[in-house]
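What follows is a single structure, written as structure tokens, with notes after it.
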Amino acid sequence: MRVVRDVSAGGVISRVEDGRLEVVLVGRAQPERWSIPKGTPVSGESIEQTALREVREETGLIVKILEPLGEIKYSFSTRGIRHHKTVHFYLLEAIGGSTQEHDWENDFVAWLSDTEALGRMSFASEAAIVARAIKQTRARAEVGIAREHLAG
């Protein structure tokens, strides 16, 4: 069996609104599956550029990278080819766009509370990335509150 190594990139968009932490997930209706937006690079594109483009396409949101979240690795076989895939994830912040502008790949895009997002995740490896994003977003929010307190 032929073996190939694949790379993808994506990210977790997070925000704190009125003290409530939310993240964006993308989903398919049949069968119902919730995941993190991600995809494969086009020729000449860096991993970071891939994450920004794929997240924009799949969610409709324009984002910026805040920091790396890590990667997941998995293998699968299809059509006589064994794939070893690495997916790089980033913590992202929405700076524009609208979830109504997402592409055809997903049936829905939603801002979900941290608890609801973790409960809906379809893949344990991606749930671990979302949990890391939630932890890092909380830490960033605490630093921001501390800075505001010191400045005030």
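Residue names in the structure tokens use chain letters A, B, ... in the order shown, residue numbers from 1 in each chain, and ligand numbers from 1 in the order shown.
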
Each residue of segment 2-108 of chain A with at least one atom at most 12 Å from segment 117-135 of chain A should appear once, together with its nearest atom pair and the corresponding distance in Å (one decimal); atoms considered: only C-alpha atoms; ordering: chain, then increasing residue number; output as CSV.
residue,atom,partner,partner_atom,distance
A:Gly10,CA,A:Ile129,CA,10.9
A:Gly11,CA,A:Ile129,CA,8.8
A:Val12,CA,A:Ala133,CA,6.6
A:Ile13,CA,A:Ala133,CA,8.4
A:Ser14,CA,A:Ala133,CA,7.5
A:Arg15,CA,A:Ile134,CA,9.3
A:Val16,CA,A:Ile134,CA,10.0
A:Arg20,CA,A:Ile134,CA,11.0
A:Leu21,CA,A:Ile134,CA,7.5
A:Glu22,CA,A:Ala117,CA,8.1
A:Val23,CA,A:Ala117,CA,7.0
A:Val24,CA,A:Ala117,CA,8.0
A:Leu25,CA,A:Ala117,CA,7.1
A:Val26,CA,A:Met121,CA,9.8
A:Gly27,CA,A:Met121,CA,9.5
A:Arg28,CA,A:Ser122,CA,10.6
A:Pro31,CA,A:Ser122,CA,10.5
A:Glu32,CA,A:Ser122,CA,8.6
A:Arg33,CA,A:Ser122,CA,5.6
A:Trp34,CA,A:Met121,CA,5.2
A:Ser35,CA,A:Met121,CA,5.9
A:Ile36,CA,A:Glu126,CA,6.9
A:Pro37,CA,A:Glu126,CA,10.3
A:Lys38,CA,A:Glu126,CA,10.9
A:Leu66,CA,A:Ala133,CA,10.5
A:Glu67,CA,A:Ala133,CA,9.6
A:Pro68,CA,A:Ala133,CA,9.3
A:Leu69,CA,A:Ile129,CA,6.7
A:Gly70,CA,A:Ile129,CA,7.4
A:Glu71,CA,A:Ile129,CA,8.0
A:Ile72,CA,A:Ser125,CA,6.7
A:Lys73,CA,A:Ser125,CA,8.8
A:Tyr74,CA,A:Ser125,CA,9.3
A:Thr86,CA,A:Ser125,CA,11.8
A:Val87,CA,A:Glu126,CA,9.9
A:His88,CA,A:Ile129,CA,10.0
A:Phe89,CA,A:Ile129,CA,7.6
A:Tyr90,CA,A:Ala133,CA,8.3
A:Leu91,CA,A:Ala133,CA,6.0
A:Leu92,CA,A:Ala133,CA,8.9
A:Glu93,CA,A:Ala133,CA,11.1

Where does DSSP see helix (DSSP H, G or I) in chain A, if you list the residues as a VMD selection string? chain A and resid 47 to 59 99 to 101 114 to 120 124 to 151

Using N, CA and C atoms, can you write the selected residues to a file as a short mmCIF file (atom, residue, chain, number, x, y, z; two decimals), in the first residue's frame?
data_model
loop_
_atom_site.label_atom_id
_atom_site.label_comp_id
_atom_site.auth_asym_id
_atom_site.auth_seq_id
_atom_site.Cartn_x
_atom_site.Cartn_y
_atom_site.Cartn_z
N ILE A 47 1.70 27.22 6.42
CA ILE A 47 0.72 26.61 7.32
C ILE A 47 -0.19 27.70 7.92
N GLU A 48 0.40 28.83 8.31
CA GLU A 48 -0.38 29.92 8.90
C GLU A 48 -1.36 30.50 7.88
N GLN A 49 -0.90 30.69 6.65
CA GLN A 49 -1.78 31.21 5.59
C GLN A 49 -2.93 30.23 5.31
N THR A 50 -2.62 28.95 5.35
CA THR A 50 -3.65 27.93 5.15
C THR A 50 -4.71 28.03 6.24
N ALA A 51 -4.28 28.15 7.49
CA ALA A 51 -5.23 28.25 8.60
C ALA A 51 -6.14 29.45 8.42
N LEU A 52 -5.57 30.61 8.10
CA LEU A 52 -6.37 31.83 7.92
C LEU A 52 -7.37 31.68 6.78
N ARG A 53 -6.92 31.15 5.64
CA ARG A 53 -7.80 31.01 4.48
C ARG A 53 -8.90 29.99 4.72
N GLU A 54 -8.51 28.81 5.22
CA GLU A 54 -9.51 27.76 5.44
C GLU A 54 -10.56 28.18 6.46
N VAL A 55 -10.14 28.83 7.53
CA VAL A 55 -11.10 29.28 8.54
C VAL A 55 -12.03 30.33 7.93
N ARG A 56 -11.49 31.22 7.12
CA ARG A 56 -12.33 32.24 6.45
C ARG A 56 -13.36 31.57 5.55
N GLU A 57 -12.91 30.59 4.75
CA GLU A 57 -13.83 29.91 3.84
C GLU A 57 -14.91 29.14 4.59
N GLU A 58 -14.51 28.38 5.61
CA GLU A 58 -15.45 27.50 6.29
C GLU A 58 -16.37 28.19 7.29
N THR A 59 -15.94 29.35 7.82
CA THR A 59 -16.76 30.03 8.83
C THR A 59 -17.35 31.35 8.35
N THR A 99 -20.63 34.77 10.03
CA THR A 99 -20.84 33.32 9.92
C THR A 99 -21.87 33.00 8.82
N GLN A 100 -22.64 33.96 8.40
CA GLN A 100 -23.60 33.75 7.32
C GLN A 100 -22.89 33.60 5.97
N GLU A 101 -21.61 33.95 5.90
CA GLU A 101 -20.85 33.93 4.64
C GLU A 101 -20.00 32.67 4.48
N ASP A 114 -18.40 27.64 25.80
CA ASP A 114 -17.31 26.67 25.94
C ASP A 114 -17.82 25.28 26.31
N THR A 115 -18.77 25.20 27.23
CA THR A 115 -19.30 23.90 27.66
C THR A 115 -20.06 23.21 26.55
N GLU A 116 -20.90 23.98 25.86
CA GLU A 116 -21.69 23.40 24.76
C GLU A 116 -20.78 22.92 23.63
N ALA A 117 -19.76 23.70 23.30
CA ALA A 117 -18.83 23.32 22.23
C ALA A 117 -18.15 22.00 22.57
N LEU A 118 -17.64 21.89 23.79
CA LEU A 118 -16.96 20.65 24.18
C LEU A 118 -17.92 19.47 24.15
N GLY A 119 -19.16 19.69 24.52
CA GLY A 119 -20.17 18.63 24.51
C GLY A 119 -20.56 18.17 23.13
N ARG A 120 -20.44 19.05 22.15
CA ARG A 120 -20.85 18.71 20.78
C ARG A 120 -19.73 18.12 19.92
N ALA A 124 -12.46 13.25 19.72
CA ALA A 124 -11.77 13.51 20.99
C ALA A 124 -10.49 14.33 20.79
N SER A 125 -9.75 14.05 19.73
CA SER A 125 -8.49 14.79 19.51
C SER A 125 -8.77 16.27 19.27
N GLU A 126 -9.84 16.59 18.55
CA GLU A 126 -10.19 17.99 18.33
C GLU A 126 -10.77 18.61 19.59
N ALA A 127 -11.49 17.83 20.39
CA ALA A 127 -12.02 18.34 21.66
C ALA A 127 -10.87 18.77 22.57
N ALA A 128 -9.77 18.03 22.54
CA ALA A 128 -8.60 18.41 23.34
C ALA A 128 -8.02 19.74 22.88
N ILE A 129 -8.04 19.99 21.57
CA ILE A 129 -7.56 21.27 21.03
C ILE A 129 -8.50 22.40 21.47
N VAL A 130 -9.81 22.16 21.42
CA VAL A 130 -10.78 23.17 21.86
C VAL A 130 -10.61 23.45 23.35
N ALA A 131 -10.40 22.41 24.15
CA ALA A 131 -10.17 22.60 25.59
C ALA A 131 -8.93 23.46 25.83
N ARG A 132 -7.87 23.23 25.06
CA ARG A 132 -6.65 24.03 25.17
C ARG A 132 -6.94 25.48 24.77
N ALA A 133 -7.73 25.68 23.72
CA ALA A 133 -8.09 27.03 23.29
C ALA A 133 -8.88 27.75 24.37
N ILE A 134 -9.78 27.04 25.01
CA ILE A 134 -10.59 27.63 26.10
C ILE A 134 -9.68 28.06 27.24
N LYS A 135 -8.76 27.19 27.62
CA LYS A 135 -7.82 27.51 28.70
C LYS A 135 -6.97 28.73 28.36
N GLN A 136 -6.45 28.77 27.12
CA GLN A 136 -5.61 29.89 26.72
C GLN A 136 -6.41 31.18 26.58
N THR A 137 -7.66 31.08 26.14
CA THR A 137 -8.51 32.27 26.05
C THR A 137 -8.81 32.82 27.44
N ARG A 138 -9.08 31.94 28.39
CA ARG A 138 -9.32 32.39 29.78
C ARG A 138 -8.08 33.09 30.33
N ALA A 139 -6.92 32.51 30.08
CA ALA A 139 -5.67 33.12 30.57
C ALA A 139 -5.46 34.49 29.94
N ARG A 140 -5.73 34.61 28.64
CA ARG A 140 -5.59 35.90 27.96
C ARG A 140 -6.57 36.92 28.52
N ALA A 141 -7.81 36.48 28.81
CA ALA A 141 -8.82 37.39 29.36
C ALA A 141 -8.40 37.87 30.75
N GLU A 142 -7.83 36.98 31.56
CA GLU A 142 -7.39 37.37 32.90
C GLU A 142 -6.25 38.39 32.82
N VAL A 143 -5.34 38.21 31.89
CA VAL A 143 -4.25 39.17 31.71
C VAL A 143 -4.82 40.52 31.29
N GLY A 144 -5.81 40.50 30.39
CA GLY A 144 -6.44 41.73 29.93
C GLY A 144 -7.15 42.46 31.07
N ILE A 145 -7.84 41.71 31.92
CA ILE A 145 -8.52 42.32 33.08
C ILE A 145 -7.50 42.91 34.04
N ALA A 146 -6.39 42.18 34.27
CA ALA A 146 -5.35 42.68 35.16
C ALA A 146 -4.74 43.97 34.61
N ARG A 147 -4.52 44.02 33.30
CA ARG A 147 -3.96 45.25 32.68
C ARG A 147 -4.93 46.42 32.84
N GLU A 148 -6.24 46.17 32.62
CA GLU A 148 -7.23 47.23 32.77
C GLU A 148 -7.26 47.73 34.21
N HIS A 149 -7.16 46.82 35.16
CA HIS A 149 -7.18 47.19 36.57
C HIS A 149 -5.97 48.07 36.93
N LEU A 150 -4.80 47.66 36.42
CA LEU A 150 -3.58 48.42 36.69
C LEU A 150 -3.63 49.81 36.04
N ALA A 151 -4.20 49.87 34.83
CA ALA A 151 -4.28 51.15 34.11
C ALA A 151 -5.34 52.07 34.72
#

Strand (DSSP E) residues, from DSSP on the backbone, in segment 62-151 of chain A, as a count of residues only: 40
